[in-house]
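Visitor: My structure is stored as protein_1.cif, with mmCIF, C-alpha atoms and all ligand atoms.
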data_upload
loop_
_atom_site.group_PDB
_atom_site.id
_atom_site.type_symbol
_atom_site.label_atom_id
_atom_site.label_comp_id
_atom_site.auth_asym_id
_atom_site.auth_seq_id
_atom_site.Cartn_x
_atom_site.Cartn_y
_atom_site.Cartn_z
ATOM 1 C CA MET A 1 0.000 0.000 0.000
ATOM 2 C CA GLN A 2 1.689 3.171 -1.140
ATOM 3 C CA ASP A 3 0.750 6.762 -1.848
ATOM 4 C CA ILE A 4 -2.938 6.272 -1.057
ATOM 5 C CA LEU A 5 -3.190 10.005 -0.275
ATOM 6 C CA LYS A 6 -1.020 11.234 -3.141
ATOM 7 C CA GLY A 7 -2.438 14.415 -4.649
ATOM 8 C CA LYS A 8 -4.639 15.088 -1.595
ATOM 9 C CA ARG A 9 -4.396 18.168 0.571
ATOM 10 C CA GLY A 10 -5.421 17.999 4.215
ATOM 11 C CA LEU A 11 -5.699 20.212 7.275
ATOM 12 C CA ILE A 12 -4.552 18.728 10.596
ATOM 13 C CA MET A 13 -5.957 20.425 13.715
ATOM 14 C CA GLY A 14 -4.820 19.484 17.227
ATOM 15 C CA VAL A 15 -1.088 18.864 17.201
ATOM 16 C CA ALA A 16 0.315 20.018 20.553
ATOM 17 C CA ASN A 17 3.538 17.982 20.413
ATOM 18 C CA ASP A 18 4.927 14.739 19.012
ATOM 19 C CA HIS A 19 2.775 12.698 21.416
ATOM 20 C CA SER A 20 -0.467 14.123 19.992
ATOM 21 C CA ILE A 21 -2.865 11.788 18.213
ATOM 22 C CA ALA A 22 -3.071 14.411 15.448
ATOM 23 C CA TRP A 23 0.672 14.022 14.924
ATOM 24 C CA GLY A 24 0.330 10.236 14.562
ATOM 25 C CA ILE A 25 -2.277 10.836 11.867
ATOM 26 C CA ALA A 26 -0.226 13.569 10.179
ATOM 27 C CA ARG A 27 2.879 11.386 10.030
ATOM 28 C CA ALA A 28 0.935 8.494 8.510
ATOM 29 C CA ALA A 29 -0.818 10.779 5.995
ATOM 30 C CA ALA A 30 2.426 12.463 4.931
ATOM 31 C CA ALA A 31 4.083 9.068 4.436
ATOM 32 C CA GLN A 32 1.240 8.213 2.048
ATOM 33 C CA GLY A 33 1.812 11.304 -0.099
ATOM 34 C CA ALA A 34 -0.586 13.863 1.419
ATOM 35 C CA GLU A 35 0.258 17.559 1.442
ATOM 36 C CA LEU A 36 -0.594 18.953 4.880
ATOM 37 C CA ALA A 37 -1.465 22.210 6.607
ATOM 38 C CA PHE A 38 -1.405 22.453 10.401
ATOM 39 C CA SER A 39 -3.288 24.658 12.828
ATOM 40 C CA TYR A 40 -1.997 25.474 16.288
ATOM 41 C CA GLN A 41 -3.565 26.999 19.383
ATOM 42 C CA GLY A 42 -1.461 29.994 20.444
ATOM 43 C CA GLU A 43 2.198 30.873 20.011
ATOM 44 C CA ALA A 44 3.573 28.432 22.601
ATOM 45 C CA PHE A 45 2.068 25.466 20.743
ATOM 46 C CA GLY A 46 3.074 27.083 17.439
ATOM 47 C CA ARG A 47 6.737 26.881 18.433
ATOM 48 C CA ARG A 48 6.367 23.155 19.129
ATOM 49 C CA VAL A 49 4.388 22.392 15.984
ATOM 50 C CA LYS A 50 6.708 24.236 13.573
ATOM 51 C CA PRO A 51 9.612 21.733 13.650
ATOM 52 C CA LEU A 52 7.144 18.863 13.276
ATOM 53 C CA ALA A 53 5.490 20.530 10.280
ATOM 54 C CA ASP A 54 8.937 21.316 8.824
ATOM 55 C CA SER A 55 9.995 17.684 9.210
ATOM 56 C CA ILE A 56 7.351 16.568 6.719
ATOM 57 C CA GLY A 57 7.724 19.532 4.390
ATOM 58 C CA SER A 58 4.519 21.326 5.379
ATOM 59 C CA LYS A 59 4.479 24.998 4.479
ATOM 60 C CA LEU A 60 1.118 26.052 5.897
ATOM 61 C CA LEU A 61 1.138 26.587 9.662
ATOM 62 C CA LEU A 62 -1.852 28.605 10.841
ATOM 63 C CA PRO A 63 -3.035 29.922 14.223
ATOM 64 C CA CYS A 64 -6.543 28.894 15.240
ATOM 65 C CA ASP A 65 -8.281 28.941 18.611
ATOM 66 C CA VAL A 66 -11.731 27.413 18.181
ATOM 67 C CA GLU A 67 -13.086 29.581 20.988
ATOM 68 C CA ASP A 68 -12.588 32.530 18.618
ATOM 69 C CA THR A 69 -14.569 32.123 15.376
ATOM 70 C CA ASP A 70 -12.587 34.907 13.701
ATOM 71 C CA THR A 71 -9.447 32.772 13.891
ATOM 72 C CA VAL A 72 -11.329 29.806 12.383
ATOM 73 C CA ASP A 73 -12.485 32.009 9.487
ATOM 74 C CA ALA A 74 -9.009 33.484 9.028
ATOM 75 C CA MET A 75 -7.453 30.006 8.897
ATOM 76 C CA PHE A 76 -9.855 28.766 6.225
ATOM 77 C CA GLY A 77 -9.334 32.034 4.321
ATOM 78 C CA GLU A 78 -5.602 31.351 4.216
ATOM 79 C CA ILE A 79 -6.133 27.761 3.094
ATOM 80 C CA LYS A 80 -8.430 28.940 0.313
ATOM 81 C CA ASP A 81 -5.860 31.502 -0.841
ATOM 82 C CA ALA A 82 -3.002 28.993 -0.760
ATOM 83 C CA TRP A 83 -4.675 25.860 -2.106
ATOM 84 C CA GLY A 84 -8.063 26.865 -3.511
ATOM 85 C CA GLY A 85 -9.575 23.622 -2.162
ATOM 86 C CA LEU A 86 -9.242 20.919 0.475
ATOM 87 C CA ASP A 87 -9.550 17.114 0.397
ATOM 88 C CA PHE A 88 -9.631 16.233 4.081
ATOM 89 C CA VAL A 89 -9.631 17.673 7.586
ATOM 90 C CA VAL A 90 -8.623 16.049 10.875
ATOM 91 C CA HIS A 91 -10.152 17.568 14.020
ATOM 92 C CA ALA A 92 -8.301 16.281 17.116
ATOM 93 C CA ILE A 93 -9.311 18.952 19.606
ATOM 94 C CA GLY A 94 -10.687 18.623 23.088
ATOM 95 C CA PHE A 95 -10.611 20.557 26.332
ATOM 96 C CA SER A 96 -12.215 20.614 29.759
ATOM 97 C CA ASP A 97 -11.124 22.070 33.100
ATOM 98 C CA ARG A 98 -9.025 19.293 34.644
ATOM 99 C CA ASN A 99 -10.538 20.090 38.057
ATOM 100 C CA GLU A 100 -13.785 18.667 36.683
ATOM 101 C CA LEU A 101 -12.191 15.561 35.155
ATOM 102 C CA LYS A 102 -12.250 13.885 38.538
ATOM 103 C CA GLY A 103 -14.884 13.284 41.184
ATOM 104 C CA LEU A 104 -18.581 13.417 40.400
ATOM 105 C CA TYR A 105 -20.025 14.331 37.005
ATOM 106 C CA ALA A 106 -22.888 15.897 38.957
ATOM 107 C CA ASP A 107 -20.504 18.609 40.180
ATOM 108 C CA THR A 108 -19.870 19.946 36.655
ATOM 109 C CA THR A 109 -20.259 23.725 36.572
ATOM 110 C CA ARG A 110 -22.354 25.571 34.010
ATOM 111 C CA ALA A 111 -19.317 27.558 32.827
ATOM 112 C CA ASN A 112 -17.136 24.495 32.236
ATOM 113 C CA PHE A 113 -20.003 22.517 30.704
ATOM 114 C CA SER A 114 -20.480 25.276 28.094
ATOM 115 C CA ARG A 115 -16.763 25.708 27.417
ATOM 116 C CA THR A 116 -16.178 21.972 27.102
ATOM 117 C CA MET A 117 -19.084 21.623 24.671
ATOM 118 C CA VAL A 118 -17.944 24.525 22.500
ATOM 119 C CA ILE A 119 -14.310 23.441 22.251
ATOM 120 C CA SER A 120 -14.775 19.668 22.187
ATOM 121 C CA ALA A 121 -18.044 19.281 20.259
ATOM 122 C CA PHE A 122 -19.327 22.425 18.520
ATOM 123 C CA SER A 123 -15.936 23.304 17.056
ATOM 124 C CA PHE A 124 -16.147 20.256 14.787
ATOM 125 C CA THR A 125 -19.400 21.538 13.293
ATOM 126 C CA GLU A 126 -17.931 25.003 12.828
ATOM 127 C CA VAL A 127 -14.824 23.562 11.164
ATOM 128 C CA ALA A 128 -16.852 21.137 9.027
ATOM 129 C CA LYS A 129 -19.017 23.927 7.600
ATOM 130 C CA ARG A 130 -15.991 25.908 6.465
ATOM 131 C CA ALA A 131 -14.067 22.861 5.253
ATOM 132 C CA ALA A 132 -17.061 21.679 3.198
ATOM 133 C CA ASP A 133 -17.054 24.984 1.315
ATOM 134 C CA LEU A 134 -13.560 24.086 0.079
ATOM 135 C CA MET A 135 -14.372 20.460 -0.804
ATOM 136 C CA GLY A 136 -15.716 20.935 -4.307
ATOM 137 C CA ASP A 137 -14.708 17.417 -5.382
ATOM 138 C CA GLY A 138 -15.918 15.648 -2.252
ATOM 139 C CA GLY A 139 -13.763 14.999 0.785
ATOM 140 C CA SER A 140 -13.280 13.335 4.123
ATOM 141 C CA MET A 141 -13.643 14.758 7.634
ATOM 142 C CA LEU A 142 -12.405 12.960 10.719
ATOM 143 C CA THR A 143 -12.713 13.709 14.422
ATOM 144 C CA LEU A 144 -11.466 11.935 17.549
ATOM 145 C CA THR A 145 -13.732 10.586 20.244
ATOM 146 C CA TYR A 146 -13.625 8.224 23.230
ATOM 147 C CA GLY A 147 -15.818 5.389 24.530
ATOM 148 C CA GLY A 148 -16.785 7.520 27.545
ATOM 149 C CA SER A 149 -19.452 8.945 25.193
ATOM 150 C CA THR A 150 -21.725 5.929 25.544
ATOM 151 C CA ARG A 151 -20.451 4.166 28.671
ATOM 152 C CA VAL A 152 -19.515 5.659 31.998
ATOM 153 C CA MET A 153 -15.758 5.929 32.490
ATOM 154 C CA PRO A 154 -14.597 7.133 35.904
ATOM 155 C CA ASN A 155 -13.566 10.815 35.896
ATOM 156 C CA TYR A 156 -14.288 11.380 32.200
ATOM 157 C CA ASN A 157 -17.439 13.227 33.284
ATOM 158 C CA VAL A 158 -18.379 16.240 31.133
ATOM 159 C CA MET A 159 -15.959 15.141 28.396
ATOM 160 C CA GLY A 160 -18.122 12.032 27.971
ATOM 161 C CA VAL A 161 -21.176 14.231 27.473
ATOM 162 C CA ALA A 162 -19.262 16.374 24.952
ATOM 163 C CA LYS A 163 -18.067 13.279 23.078
ATOM 164 C CA ALA A 164 -21.681 12.047 22.880
ATOM 165 C CA ALA A 165 -22.584 15.386 21.253
ATOM 166 C CA LEU A 166 -19.557 15.116 18.974
ATOM 167 C CA GLU A 167 -20.549 11.633 17.802
ATOM 168 C CA ALA A 168 -24.121 12.787 17.141
ATOM 169 C CA SER A 169 -22.627 15.708 15.172
ATOM 170 C CA VAL A 170 -20.699 13.208 13.040
ATOM 171 C CA ARG A 171 -23.961 11.545 12.052
ATOM 172 C CA TYR A 172 -25.825 14.794 11.331
ATOM 173 C CA LEU A 173 -22.908 16.225 9.355
ATOM 174 C CA ALA A 174 -22.594 12.958 7.413
ATOM 175 C CA ALA A 175 -26.245 13.324 6.397
ATOM 176 C CA ASP A 176 -25.818 17.031 5.549
ATOM 177 C CA TYR A 177 -22.763 16.569 3.362
ATOM 178 C CA GLY A 178 -23.256 13.052 1.965
ATOM 179 C CA PRO A 179 -25.011 14.380 -1.165
ATOM 180 C CA ARG A 180 -21.818 16.350 -1.897
ATOM 181 C CA ASN A 181 -19.679 13.194 -1.530
ATOM 182 C CA ILE A 182 -18.144 14.527 1.675
ATOM 183 C CA ARG A 183 -17.752 11.764 4.247
ATOM 184 C CA VAL A 184 -17.705 12.422 7.994
ATOM 185 C CA ASN A 185 -16.405 9.853 10.491
ATOM 186 C CA ALA A 186 -14.849 9.537 13.935
ATOM 187 C CA ILE A 187 -12.172 7.340 15.439
ATOM 188 C CA SER A 188 -12.824 6.297 19.018
ATOM 189 C CA ALA A 189 -9.330 5.761 20.383
ATOM 190 C CA GLY A 190 -8.385 3.864 23.515
ATOM 191 C CA PRO A 191 -6.433 5.767 26.177
ATOM 192 C CA ILE A 192 -3.104 7.184 24.971
ATOM 193 C CA ARG A 193 -0.573 9.148 27.008
ATOM 194 C CA THR A 194 -0.920 12.684 25.644
ATOM 195 C CA LEU A 195 -1.187 16.167 27.135
ATOM 196 C CA ALA A 196 -4.995 16.034 27.068
ATOM 197 C CA GLY A 197 -5.063 12.402 28.231
ATOM 198 C CA ALA A 198 -2.950 13.254 31.281
ATOM 199 C CA GLY A 199 -5.602 15.730 32.444
ATOM 200 C CA ILE A 200 -8.093 12.979 33.236
ATOM 201 C CA GLY A 201 -8.140 11.837 36.842
ATOM 202 C CA ASP A 202 -6.482 8.458 37.567
ATOM 203 C CA ALA A 203 -5.294 8.258 33.939
ATOM 204 C CA ARG A 204 -2.522 5.810 34.862
ATOM 205 C CA ALA A 205 -4.948 3.387 36.487
ATOM 206 C CA MET A 206 -7.287 3.516 33.472
ATOM 207 C CA PHE A 207 -4.352 2.903 31.188
ATOM 208 C CA ALA A 208 -3.188 -0.117 33.196
ATOM 209 C CA TYR A 209 -6.748 -1.521 33.367
ATOM 210 C CA GLN A 210 -7.206 -1.398 29.600
ATOM 211 C CA LYS A 211 -3.813 -2.953 29.035
ATOM 212 C CA LYS A 212 -4.799 -5.948 31.132
ATOM 213 C CA ASN A 213 -8.398 -6.293 29.988
ATOM 214 C CA ALA A 214 -8.629 -5.322 26.299
ATOM 215 C CA PRO A 215 -8.799 -8.336 23.945
ATOM 216 C CA LEU A 216 -5.420 -7.436 22.410
ATOM 217 C CA ARG A 217 -3.929 -7.099 25.941
ATOM 218 C CA ARG A 218 -2.300 -3.788 25.097
ATOM 219 C CA THR A 219 -3.197 -0.147 24.738
ATOM 220 C CA VAL A 220 -3.035 1.568 21.370
ATOM 221 C CA ASP A 221 -0.555 4.244 20.280
ATOM 222 C CA ILE A 222 -0.675 7.157 17.875
ATOM 223 C CA ASP A 223 0.617 4.975 15.037
ATOM 224 C CA ASP A 224 -2.313 2.579 15.478
ATOM 225 C CA VAL A 225 -4.671 5.543 15.183
ATOM 226 C CA GLY A 226 -2.685 6.984 12.259
ATOM 227 C CA LYS A 227 -3.007 3.767 10.262
ATOM 228 C CA SER A 228 -6.765 3.556 10.790
ATOM 229 C CA ALA A 229 -7.098 7.233 9.907
ATOM 230 C CA LEU A 230 -5.489 6.513 6.524
ATOM 231 C CA TYR A 231 -8.424 4.255 5.701
ATOM 232 C CA LEU A 232 -11.006 6.863 6.699
ATOM 233 C CA LEU A 233 -9.223 9.788 5.016
ATOM 234 C CA SER A 234 -8.527 8.004 1.750
ATOM 235 C CA ASP A 235 -10.666 6.505 -1.009
ATOM 236 C CA MET A 236 -10.188 3.128 0.716
ATOM 237 C CA SER A 237 -13.316 4.018 2.721
ATOM 238 C CA SER A 238 -15.241 5.587 -0.185
ATOM 239 C CA GLY A 239 -18.528 3.979 0.928
ATOM 240 C CA VAL A 240 -18.217 4.791 4.636
ATOM 241 C CA THR A 241 -19.742 7.796 6.403
ATOM 242 C CA GLY A 242 -21.310 8.662 9.753
ATOM 243 C CA GLU A 243 -19.297 5.948 11.526
ATOM 244 C CA VAL A 244 -17.534 5.803 14.863
ATOM 245 C CA HIS A 245 -14.631 3.417 14.309
ATOM 246 C CA PHE A 246 -12.999 1.993 17.447
ATOM 247 C CA VAL A 247 -9.202 1.825 17.634
ATOM 248 C CA ASP A 248 -8.976 0.587 21.219
ATOM 249 C CA SER A 249 -7.519 -2.950 21.170
ATOM 250 C CA GLY A 250 -11.151 -4.143 21.253
ATOM 251 C CA PHE A 251 -11.850 -2.825 24.757
ATOM 252 C CA ASN A 252 -15.324 -1.564 23.763
ATOM 253 C CA ILE A 253 -16.647 -5.091 23.147
ATOM 254 C CA THR A 254 -15.909 -6.298 26.667
ATOM 255 C CA SER A 255 -18.449 -6.427 29.468
ATOM 256 C CA MET A 256 -16.217 -7.431 32.374
ATOM 257 C CA PRO A 257 -12.536 -7.743 33.307
ATOM 258 C CA CYS A 258 -10.834 -10.714 31.653
ATOM 259 C CA LEU A 259 -10.992 -13.935 33.676
ATOM 260 C CA ASP A 260 -7.209 -14.156 34.153
ATOM 261 C CA GLU A 261 -7.386 -10.874 36.018
ATOM 262 C CA LEU A 262 -10.427 -11.871 38.089
ATOM 263 C CA LYS A 263 -8.825 -15.166 39.147
ATOM 264 C CA LYS A 264 -5.663 -13.475 40.471
HETATM 265 P P1 LIG B 1 -3.305 16.636 22.827
HETATM 266 O O1 LIG B 1 -3.237 17.415 24.092
HETATM 267 O O2 LIG B 1 -2.039 16.268 22.177
HETATM 268 O O3 LIG B 1 -4.227 17.372 21.759
HETATM 269 C C1 LIG B 1 -5.346 18.165 22.138
HETATM 270 C C2 LIG B 1 -5.332 19.361 21.220
HETATM 271 O O4 LIG B 1 -6.504 20.168 21.419
HETATM 272 C C3 LIG B 1 -4.112 20.269 21.465
HETATM 273 O O5 LIG B 1 -3.369 20.403 20.280
HETATM 274 C C4 LIG B 1 -4.731 21.605 21.853
HETATM 275 O O6 LIG B 1 -4.003 22.712 21.364
HETATM 276 C C5 LIG B 1 -6.086 21.491 21.157
HETATM 277 N N1 LIG B 1 -7.043 22.470 21.687
HETATM 278 C C6 LIG B 1 -7.583 22.529 22.937
HETATM 279 N N2 LIG B 1 -8.347 23.640 23.049
HETATM 280 C C7 LIG B 1 -8.288 24.265 21.830
HETATM 281 C C8 LIG B 1 -8.833 25.464 21.318
HETATM 282 N N3 LIG B 1 -9.606 26.267 22.068
HETATM 283 N N4 LIG B 1 -8.580 25.795 20.022
HETATM 284 C C9 LIG B 1 -7.784 25.019 19.247
HETATM 285 N N5 LIG B 1 -7.229 23.875 19.674
HETATM 286 C C10 LIG B 1 -7.479 23.525 20.970
HETATM 287 O O7 LIG B 1 -4.158 15.321 23.195
HETATM 288 P P2 LIG B 1 -4.772 14.155 22.298
HETATM 289 O O8 LIG B 1 -5.011 13.059 23.241
HETATM 290 O O9 LIG B 1 -3.949 13.925 21.084
HETATM 291 O O10 LIG B 1 -6.201 14.749 21.904
HETATM 292 C C11 LIG B 1 -6.683 14.825 20.576
HETATM 293 C C12 LIG B 1 -8.137 14.369 20.529
HETATM 294 O O11 LIG B 1 -8.177 12.970 20.774
HETATM 295 C C13 LIG B 1 -9.048 15.026 21.569
HETATM 296 O O12 LIG B 1 -10.302 15.282 20.994
HETATM 297 C C14 LIG B 1 -9.178 13.938 22.617
HETATM 298 O O13 LIG B 1 -10.361 14.058 23.373
HETATM 299 C C15 LIG B 1 -9.187 12.716 21.721
HETATM 300 N N6 LIG B 1 -8.937 11.439 22.375
HETATM 301 C C16 LIG B 1 -7.835 11.277 23.170
HETATM 302 C C17 LIG B 1 -7.603 10.052 23.788
HETATM 303 C C18 LIG B 1 -6.415 9.842 24.692
HETATM 304 O O14 LIG B 1 -6.430 8.910 25.492
HETATM 305 N N7 LIG B 1 -5.371 10.655 24.607
HETATM 306 C C19 LIG B 1 -8.498 8.985 23.582
HETATM 307 C C20 LIG B 1 -9.595 9.172 22.749
HETATM 308 C C21 LIG B 1 -9.807 10.413 22.156
#
Please express what this file holds, its structure, as structure tokens.
Guide:
Amino acid sequence: MQDILKGKRGLIMGVANDHSIAWGIARAAAAQGAELAFSYQGEAFGRRVKPLADSIGSKLLLPCDVEDTDTVDAMFGEIKDAWGGLDFVVHAIGFSDRNELKGLYADTTRANFSRTMVISAFSFTEVAKRAADLMGDGGSMLTLTYGGSTRVMPNYNVMGVAKAALEASVRYLAADYGPRNIRVNAISAGPIRTLAGAGIGDARAMFAYQKKNAPLRRTVDIDDVGKSALYLLSDMSSGVTGEVHFVDSGFNITSMPCLDELKK
């Protein structure tokens, strides 16, 4: 399998550093011939993203904070000026106050509920609308979610509610844009050690639990997610839209800890 994204231009949103899931996807996409643009949230992240973008020959590095719609518009304006069109977009953005990613979900504040929903769920809709305007020949949109959207995961709290909204958005956007041959999907990744992942209470314990109890008896890494993203971003998945595809070592199919663990 070679060059399955050759001739395609894609925007990658959500690289914070070389541990980011977005970076795993970007690296895989670049290796398959894609030309990439990157967005970054603020100058501090920009300084970290630049060498990564440089390392794969990317020339478009654009500021964008999804809490500020003007920066979203400005970013898409620059992409339009530089490329004229877009083939795919990867949205790997999420945020919630880490003080509320522990303890009871019931203690979520109104302010953090709203902020979490805007950054982690609504931003995908806002990005999708602008990206679709540049996808004259069809395209592929991909976001990142987590199984805490449909099942209760300790401490995931309001992020789980935001991911449920994000996954519903995937389905509605898939229906909106399907007639224009624009496909919209999500990858539901298992826990990965990233900046955002570290903000969730007891992250280490969750990580260890999944390692012991997922069918593959391991956690996934950003290369696992990158490889699956290639399928969803490329024509390999030309008939697939509105899906949430699990890349979690099979953890989502389990209903109890594995027997080896229980018998210990
Ligand atoms: P990360 O910290 O590397 O990436 C999160 C990104 O979100 C950062 O680049 C950050 O700049 C960006 N972001 C946050 N607020 C923003 C804003 N207002 N405007 C623009 N960008 C903003 O962590 P990650 O784990 O790679 O997260 C990427 C996505 O994957 C998130 O949606 C996360 O919920 C999801 N996810 C992560 C895991 C995991 O275990 N790490 C599992 C499943 C899903």
Visitor: Between atom CA of A:Ile25 and atom CA of A:Met135, measure the distance and give it in Å to one decimal.
Guide: 20.0 Å
Visitor: Can you spell out as a list of chain:residue names the set of residues that the PyMOL selection byres (((chain A and resi 191) around 9) and not hetatm) selects in the structure I just provided?
Guide: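 When the PyMOL selection byres (((chain A and resi 191) around 9) and not hetatm) is applied to the shown file, the picked residues are A:Tyr146, A:Ala189, A:Gly190, A:Ile192, A:Arg193, A:Thr194, A:Gly197, A:Ala203, A:Met206, A:Phe207, A:Gln210, A:Thr219, A:Val220, A:Asp221, A:Asp248.
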Visitor: Pick out the residues sitting within 8 Å of stretch 86-100 of chain A, and hand them over as a PDB file with C-alpha atoms, in the frame of the given file; count only C-alpha atoms, and ignore anything fewer than 4 positions along from it in its own chain.
Guide:
ATOM      1  CA  LYS A   8      -4.639  15.088  -1.595  1.00  0.00           C
ATOM      2  CA  ARG A   9      -4.396  18.168   0.571  1.00  0.00           C
ATOM      3  CA  GLY A  10      -5.421  17.999   4.215  1.00  0.00           C
ATOM      4  CA  LEU A  11      -5.699  20.212   7.275  1.00  0.00           C
ATOM      5  CA  ILE A  12      -4.552  18.728  10.596  1.00  0.00           C
ATOM      6  CA  MET A  13      -5.957  20.425  13.715  1.00  0.00           C
ATOM      7  CA  GLY A  14      -4.820  19.484  17.227  1.00  0.00           C
ATOM      8  CA  VAL A  15      -1.088  18.864  17.201  1.00  0.00           C
ATOM      9  CA  ILE A  21      -2.865  11.788  18.213  1.00  0.00           C
ATOM     10  CA  ALA A  22      -3.071  14.411  15.448  1.00  0.00           C
ATOM     11  CA  ILE A  79      -6.133  27.761   3.094  1.00  0.00           C
ATOM     12  CA  TYR A 105     -20.025  14.331  37.005  1.00  0.00           C
ATOM     13  CA  ASP A 107     -20.504  18.609  40.180  1.00  0.00           C
ATOM     14  CA  THR A 108     -19.870  19.946  36.655  1.00  0.00           C
ATOM     15  CA  ASN A 112     -17.136  24.495  32.236  1.00  0.00           C
ATOM     16  CA  ARG A 115     -16.763  25.708  27.417  1.00  0.00           C
ATOM     17  CA  THR A 116     -16.178  21.972  27.102  1.00  0.00           C
ATOM     18  CA  ILE A 119     -14.310  23.441  22.251  1.00  0.00           C
ATOM     19  CA  SER A 120     -14.775  19.668  22.187  1.00  0.00           C
ATOM     20  CA  ALA A 121     -18.044  19.281  20.259  1.00  0.00           C
ATOM     21  CA  PHE A 124     -16.147  20.256  14.787  1.00  0.00           C
ATOM     22  CA  ALA A 131     -14.067  22.861   5.253  1.00  0.00           C
ATOM     23  CA  LEU A 134     -13.560  24.086   0.079  1.00  0.00           C
ATOM     24  CA  MET A 135     -14.372  20.460  -0.804  1.00  0.00           C
ATOM     25  CA  ASP A 137     -14.708  17.417  -5.382  1.00  0.00           C
ATOM     26  CA  GLY A 138     -15.918  15.648  -2.252  1.00  0.00           C
ATOM     27  CA  GLY A 139     -13.763  14.999   0.785  1.00  0.00           C
ATOM     28  CA  SER A 140     -13.280  13.335   4.123  1.00  0.00           C
ATOM     29  CA  MET A 141     -13.643  14.758   7.634  1.00  0.00           C
ATOM     30  CA  LEU A 142     -12.405  12.960  10.719  1.00  0.00           C
ATOM     31  CA  THR A 143     -12.713  13.709  14.422  1.00  0.00           C
ATOM     32  CA  LEU A 144     -11.466  11.935  17.549  1.00  0.00           C
ATOM     33  CA  ASN A 155     -13.566  10.815  35.896  1.00  0.00           C
ATOM     34  CA  ASN A 157     -17.439  13.227  33.284  1.00  0.00           C
ATOM     35  CA  VAL A 158     -18.379  16.240  31.133  1.00  0.00           C
ATOM     36  CA  MET A 159     -15.959  15.141  28.396  1.00  0.00           C
ATOM     37  CA  ALA A 196      -4.995  16.034  27.068  1.00  0.00           C
ATOM     38  CA  GLY A 199      -5.602  15.730  32.444  1.00  0.00           C
ATOM     39  CA  ILE A 200      -8.093  12.979  33.236  1.00  0.00           C
ATOM     40  CA  GLY A 201      -8.140  11.837  36.842  1.00  0.00           C
ATOM     41  CA  LEU A 233      -9.223   9.788   5.016  1.00  0.00           C
TER      42      LEU A 233
END
Visitor: I'd like to see the residues matched by the PyMOL selection byres (((chain A and resi 60) around 7) and not hetatm) on this file, and ideally I'd get them as a PyMOL selection string.
Guide: chain A and resi 37-38+58-59+61-62
Visitor: May I have the selected residues written with C-alpha atoms, as an mmCIF file, in the coordinates of the input?
Guide:
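part.cif written:
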data_model
loop_
_atom_site.group_PDB
_atom_site.id
_atom_site.type_symbol
_atom_site.label_atom_id
_atom_site.label_comp_id
_atom_site.auth_asym_id
_atom_site.auth_seq_id
_atom_site.Cartn_x
_atom_site.Cartn_y
_atom_site.Cartn_z
ATOM 1 C CA ALA A 37 -1.465 22.210 6.607
ATOM 2 C CA PHE A 38 -1.405 22.453 10.401
ATOM 3 C CA SER A 58 4.519 21.326 5.379
ATOM 4 C CA LYS A 59 4.479 24.998 4.479
ATOM 5 C CA LEU A 61 1.138 26.587 9.662
ATOM 6 C CA LEU A 62 -1.852 28.605 10.841
#
Visitor: Using the chain letters and numbers from the file, give me the residues hit by the PyMOL selection byres (((chain A and resi 1) around 12) and not hetatm), as a list in words.
Guide: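 Here the PyMOL selection byres (((chain A and resi 1) around 12) and not hetatm) matches Gln2, Asp3, Ile4, Leu5, Lys6, Ala31, Gln32, Gly33, Lys227, Leu230, Tyr231, Ser234 and Met236 of chain A.
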Visitor: When distances are computed from all atoms listed in the file, which of A:Ile182, A:Val66, A:Met75, A:Leu216 shows the smallest separation from ligand LIG 1 (chain B)?
Guide: A:Val66
Visitor: Got a sec: who's within 6 Å of stretch 249-264 of chain A, counting all atoms listed in the file, leaving out chain neighbours fewer than 2 positions off, as a list in words?
Guide: Asn213, Ala214, Pro215 and Leu216 of chain A
Visitor: Restricting the calculation to all atoms listed in the file: of A:Leu195, A:Ala29, A:Ala111, A:Val49, which residue gets closest to ligand LIG 1 (chain B)?
Guide: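 Smallest separation from ligand LIG 1 (chain B) among the options: A:Leu195.
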Visitor: Mind checking which residues fall within 10 Å of A:Thr241, counting all atoms listed in the file, ignoring those fewer than 6 positions away in the same chain, and posting them as a ChimeraX atom specification?
Guide: /A:140-142,170-171,173-175,177-178,181-186,232
Visitor: Using all atoms listed in the file, which of the listed residues (A:Thr69, A:Ser237, A:Thr145, A:Gln41) sits closest to A:Gly160?
Guide: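 Smallest distance to A:Gly160 is found for A:Thr145.
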Visitor: Have a look at A:Ser114, A:Ser169, A:Thr150, A:Ser123 and name the one nearest to ligand LIG 1 (chain B); count all atoms listed in the file.
Guide: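 Smallest distance to ligand LIG 1 (chain B) is found for A:Ser123.
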Visitor: Between atom CA of A:Gly84 and atom CA of A:Asp133, measure the distance and give it in Å to one decimal.
Guide: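 Going from atom CA of A:Gly84 over to atom CA of A:Asp133, I get 10.4 Å.
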Visitor: Box along x, y and z, 5 Å on every side, all listed atoms of stretch 56-65 of chain A inside: centre and edge lengths in Å to one decimal, as lines of an AutoDock Vina configuration file.
Guide:
center_x = -0.3
center_y = 23.2
center_z = 11.5
size_x = 26.0
size_y = 23.4
size_z = 24.2
Visitor: Which distance in Å separates atom CA of A:Phe76 and atom CA of A:Arg180, to one decimal?
Guide: 19.1 Å
Visitor: Compare A:Val118, A:Val152, A:Ala34, A:Ala132 by their minimum atom-to-atom distance to ligand LIG 1 (chain B), counting all atoms listed in the file, and give me the closest one.
Guide: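 Among the listed residues, A:Val118 lies closest to ligand LIG 1 (chain B).
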Visitor: Considering only C-alpha atoms and all ligand atoms, can you say which of A:Leu36, A:Leu101, A:Val247, A:Val240 comes closest to ligand LIG 1 (chain B)?
Guide: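 Closest to ligand LIG 1 (chain B) of all the choices is A:Val247.
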